[in-house]
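Chemist: Below is the structure I would like to discuss, written out as structure tokens.
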Amino acid sequence: MRRQCKGLHPLCKHAARQAAPRVYTVDVMDYSDGPQQWPRMLVTPEKFQPKPMRLSLLTAALQELTPRDERDADPDLAIEDWLDFARRLRCPNIQLSAALHPSVTDVPPEALLDPVANTLDLREPFTQARAARVLAAMKQTGVGLTDLGYFDNMLAADAGARARKREFMLRVFDAAVLLGTPAVCGFVGRNPNLEMDANLEMFESEFVPLLAEAKARGLVFRVEHCPMPGWTPLDRWHNNLAYAPGPWIALHRICERHGVGDQFRIHYDPSHAILMGQDTRSIFQYLKDEGYGFLIGGFHVKGQVIDARGIAAWGYGGQTMQRGDWIAGRPSPRPADQVKAWKKQTVFAEHELPGTARHDPLGYLQNRTVDWLDHQLAARELLDIDPAQTVLVLEHEYPPARVQDPGRLAPILEGSLEFVRAIDAAAAAMHSLQHDVLKSQGIAVQGFGRQPYRS
């Protein structure tokens, strides 16, 4: 029922301010069988409770923070140095990078577009004593560990290389358990000698057992979805099976058949969507529409800026010929030539460190650079995540700023971390205000916002 209130009820926020009584209308309970009670609002407003994500930083941002001769002699010194570096950057967590040691890797550093870092040195298995040392450094610095990362082609064509990578990944799994982190991040990869359907069969025979090992250890494997076009000089562009939502769903269904569906999750990076002409909101909407909004378990925050001139010249497939990675009709054996296979990507795209690219509303709508605010909003609006438990890992691969001098790099990373922190805080505030507070009071949100499938 409706009653008139003279502005004197304690629930009327204006009561104490009014010089003369004014009439307000409030909803009250009609107690027909008992004495009349004070009016009571029927709707309890939700509290404003923004939930920021867990900020972290991939240690591959600075490969040689600790000189190679020192870290080779004392493998865990690199982790201690990185924890202290993160503390000075005011970064609350790190994503600890692992990689095959340069002396045993099958891909020379000169052939890599984005150099990797073996901050976590696993030439020897990680032990309880080593874990205790790292955990002590984490406690001393106050810097946490969100997850471990080992980014390699787990479906490599060469059986020997594939076996070495699998053994190394198991060492990463064991280190994750000893360090108390619940997840490992990496690639699926692809056998470039096989077509995609044959690679699905290889995923089932080779990668699913790896997920079973993760399950036995209580871990989740979060797959990064870069298509890795430059991994091979062949005319292959998608060299990582898990490159988009369609393949993610196909792979997850295989995992479910083998009881490891809960171990397979995606570590979403918007730069890869931009690289393929996609936008984050549409990807998240598609996953929700298909009933797979749970698949994304974490984020790399790295951008991509598309060069319209490169698109005009080559299209989104990139440079397909005369790159310099083939010599006399064969793939060049020289690493300095092999890296040129990445012209399939670099002629039209360049990685962005968040905050280093200009604000470009038209570019956002054309999917030619990342709309960071909408990225963080769409994640909260469309995915099945708890933001407070979701990792947001800054990944630095912007070529001109990939300096290896800690003094020069520190303010660059500091600024980018602050940008990510601020954008996520803004998205968290908007989401709580609009979807908690206003919604609970029946107040409409203004405007239209970005819409999926319309870019």
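The chains in the structure tokens are called A, B, ... from first to last as shown; in each chain the residues are counted from 1, and the ligands are counted from 1 in the order shown.
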With stretch 256-270 of chain A as the partner and 10 Å as the cut-off, tabulate the residues of stretch 352-439 of chain A that qualify, each row holding the nearest pair of atoms and their distance in Å to one decimal, using only C-alpha atoms, sorted by chain and rising number, as a tab-separated table.
Modeler:
residue	atom	partner	partner_atom	distance
A:Thr369	CA	A:Pro270	CA	9.2
A:Val370	CA	A:Pro270	CA	6.8
A:Asp371	CA	A:Pro270	CA	9.2
A:Trp372	CA	A:Pro270	CA	9.0
A:His375	CA	A:Pro270	CA	8.0
A:Val391	CA	A:His267	CA	9.3
A:Leu392	CA	A:His267	CA	9.6
A:Val393	CA	A:Asp269	CA	9.5
A:Leu394	CA	A:Asp269	CA	9.9
A:Glu395	CA	A:Asp269	CA	9.3
Chemist: With only C-alpha atoms counted and 7 Å as the cut-off, give the residues of stretch 324-416 of chain A in contact with stretch 304-311 of chain A, each with its shortest interatomic distance in Å and the pair that gives it, as a Markdown table.
Modeler:
| residue | atom | partner | partner_atom | distance |
| --- | --- | --- | --- | --- |
| A:Val347 | CA | A:Gly310 | CA | 5.4 |
| A:Phe348 | CA | A:Gly310 | CA | 4.2 |
| A:Ala349 | CA | A:Ile306 | CA | 4.5 |
| A:Glu350 | CA | A:Val305 | CA | 5.3 |
| A:His351 | CA | A:Gln304 | CA | 4.4 |
| A:Glu352 | CA | A:Gln304 | CA | 5.0 |
| A:Arg368 | CA | A:Ile306 | CA | 4.9 |
| A:Thr369 | CA | A:Val305 | CA | 4.8 |
| A:Val370 | CA | A:Gln304 | CA | 6.7 |
Chemist: Write the residues of the preceding selection, restricted to C-alpha atoms, as a PDB file, in the first residue's frame.
Modeler:
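Dumped to out.pdb:
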ATOM      1  CA  VAL A 347      53.884  -6.182 -41.145  1.00  0.00           C
ATOM      2  CA  PHE A 348      50.453  -5.160 -39.863  1.00  0.00           C
ATOM      3  CA  ALA A 349      50.533  -5.364 -36.045  1.00  0.00           C
ATOM      4  CA  GLU A 350      52.679  -4.322 -33.094  1.00  0.00           C
ATOM      5  CA  HIS A 351      52.294  -5.373 -29.455  1.00  0.00           C
ATOM      6  CA  GLU A 352      51.162  -2.712 -27.002  1.00  0.00           C
ATOM      7  CA  ARG A 368      42.476  -2.121 -34.378  1.00  0.00           C
ATOM      8  CA  THR A 369      43.520  -1.518 -30.790  1.00  0.00           C
ATOM      9  CA  VAL A 370      42.256  -2.714 -27.401  1.00  0.00           C
TER      10      VAL A 370
END
Chemist: Residues of stretch 97-153 of chain A classed as helix (DSSP H, G or I) by DSSP on the backbone are to be reported as a PyMOL selection string.
Modeler: chain A and resi 109-111+128-141
Chemist: Excluding stretch 167-175 of chain A and residues on its chain fewer than 3 positions from it, collect all residues at most 6 Å away from it, counting only C-alpha atoms, and give them as a list in words.
Modeler: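 Residues meeting the cut-off are Phe126, Arg164 and Leu178 of chain A.
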Chemist: Using only N, CA and C atoms, please write the residues we just selected to a file, as a PDB file, in the first residue's frame.
Modeler:
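So selection13.pdb came out as:
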ATOM      1  N   PHE A 126      62.679 -28.893  -9.042  1.00  0.00           N
ATOM      2  CA  PHE A 126      62.430 -27.976  -7.943  1.00  0.00           C
ATOM      3  C   PHE A 126      62.193 -28.792  -6.674  1.00  0.00           C
ATOM      4  N   ARG A 164      60.907 -33.833 -24.413  1.00  0.00           N
ATOM      5  CA  ARG A 164      61.647 -32.929 -23.521  1.00  0.00           C
ATOM      6  C   ARG A 164      60.728 -31.835 -22.970  1.00  0.00           C
ATOM      7  N   LEU A 178      54.660 -27.124  -5.031  1.00  0.00           N
ATOM      8  CA  LEU A 178      55.524 -26.774  -3.906  1.00  0.00           C
ATOM      9  C   LEU A 178      55.403 -25.296  -3.530  1.00  0.00           C
TER      10      LEU A 178
END
Chemist: I need the strand (DSSP E or B) residues of stretch 278-403 of chain A per DSSP on the backbone, written as a ChimeraX atom specification.
Modeler: /A:296-301,303-306,326-327,330-331,349-352,391-394
Chemist: Could you give me, as a PyMOL selection string, the residues within 12 Å of A:Gly298, counting only C-alpha atoms and dropping anything in the same chain fewer than 3 positions from it?
Modeler: chain A and resi 53-56+95+146-147+182-186+220-225+264-270+294-295+301+376+379+383-394
Chemist: Please compute the atom CA of A:Leu200-atom CA of A:Ile296 distance, one decimal, in Å.
Modeler: 20.4 Å
Chemist: Between atom CA of A:Gly297 and atom CA of A:Ala156, what is the distance, to one decimal in Å?
Modeler: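 Rounded to one decimal, the two atoms are 25.2 Å apart.
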